[in-house]
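Novice: I am attaching a structure below and will ask some questions about it afterwards.
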Amino acid sequence: MKKWGMILIPFSLFCLALGVAFGLAKMGVLPARQWAGEKGALGTVARLSGFRPLKKPSAKTAAAGSPLTAEQLAQQQRVLQAEQRAFEQERAAWEQQKQKALQAPPAPPPPLDPAQMARLAEIYSKMDAPKVNQILDKLPESEVVVLLQQMDERKVASILEGMTPAKAARITGELAHTPLQSASNSGANGLASQNE
């Protein structure tokens, strides 16, 4: 048993070292591709491990560092100018699309559902006027007018009271063109019947 231990331990350590070296070479820590280009045992082992030698620079890549001729510079300048013109045209087209989108009339709002507006008017009638004003400030005035048309006159008065004078004047002008639903009339009729 000791004999095998004496053989297996060094062999396993050698295999472990080879594995670590191979991993480091694959990660680029060890210059295995450079070694693969060399002669000798190290180059042979690197080539057998699958590493290919570094390519020697070709005449084209060596010439890439040399200065360009006037004709080559002119050609590159023409290419750059063509690319710049194409970019400017694309940018101009984008600007035109943007302007058209800004000038296009906004889509009309969806039609109001009368039943839903009546339900909302009933809900708002049960709320305090300051809270209703906070909500109505965030709605379009056309919707506010539709809601107020369906409310009791007293509630409308308390809501208009809480608005800014300019907004209240605009909404009053809209309300003047359409009659309010007279929920207070039913209250007045109730009072008349009680007095009899």
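Numbering starts fresh at 1 for the residues of each chain in the structure tokens, the chains themselves are lettered A, B, ... in the order given, and ligands are numbered from 1 as they appear.
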If you run DSSP on the backbone here, which positions in stretch 31-153 of chain A get helix (DSSP H, G or I)? Please write them as an MDAnalysis selection string.

Specialist: chainID A and resid 32:36 41:48 59:64 70:103 114:125 129:136 141:149 153

Novice: Counting only C-alpha atoms, which of A:Leu175, A:Leu148, A:Leu30, A:Ala93 gets nearest to A:Leu120?

Specialist: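 Nearest candidate to A:Leu120 out of A:Leu175, A:Leu148, A:Leu30, A:Ala93: A:Leu148.
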
Novice: Interatomic distance between atom CA of A:Asn133 and atom CA of A:Pro105?

Specialist: 29.6 Å

Novice: Between atom CA of A:Lys138 and atom CA of A:Pro110, what is the spacing in Å?

Specialist: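 About the pair atom CA of A:Pro110 and atom CA of A:Lys138: they are 17.2 Å apart.
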
Novice: Tell me, as a ChimeraX atom specification, which residues lie within 10 Å of stretch 155-164 of chain A, counting only C-alpha atoms; anything in the same chain fewer than 3 positions away does not count.

Specialist: /A:124-134,136-137,147-152,167-169,171-172,180,184

Novice: Write out as an MDAnalysis selection string each polymer residue whose atoms come within 12 Å of A:Thr44, counting only C-alpha atoms; drop sequence neighbours fewer than 5 positions from it.

Specialist: chainID A and resid 32:39 49:53

Novice: Measuring atom to atom with only C-alpha atoms, identify which of A:Ala86, A:Gln99, A:Glu143, A:Arg170 is nearest to A:Ala121.

Specialist: A:Glu143

Novice: Atom CA of A:Gly173 and atom CA of A:Ala107 are how many Å apart?

Specialist: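 Atom CA of A:Gly173 sits 25.5 Å away from atom CA of A:Ala107.
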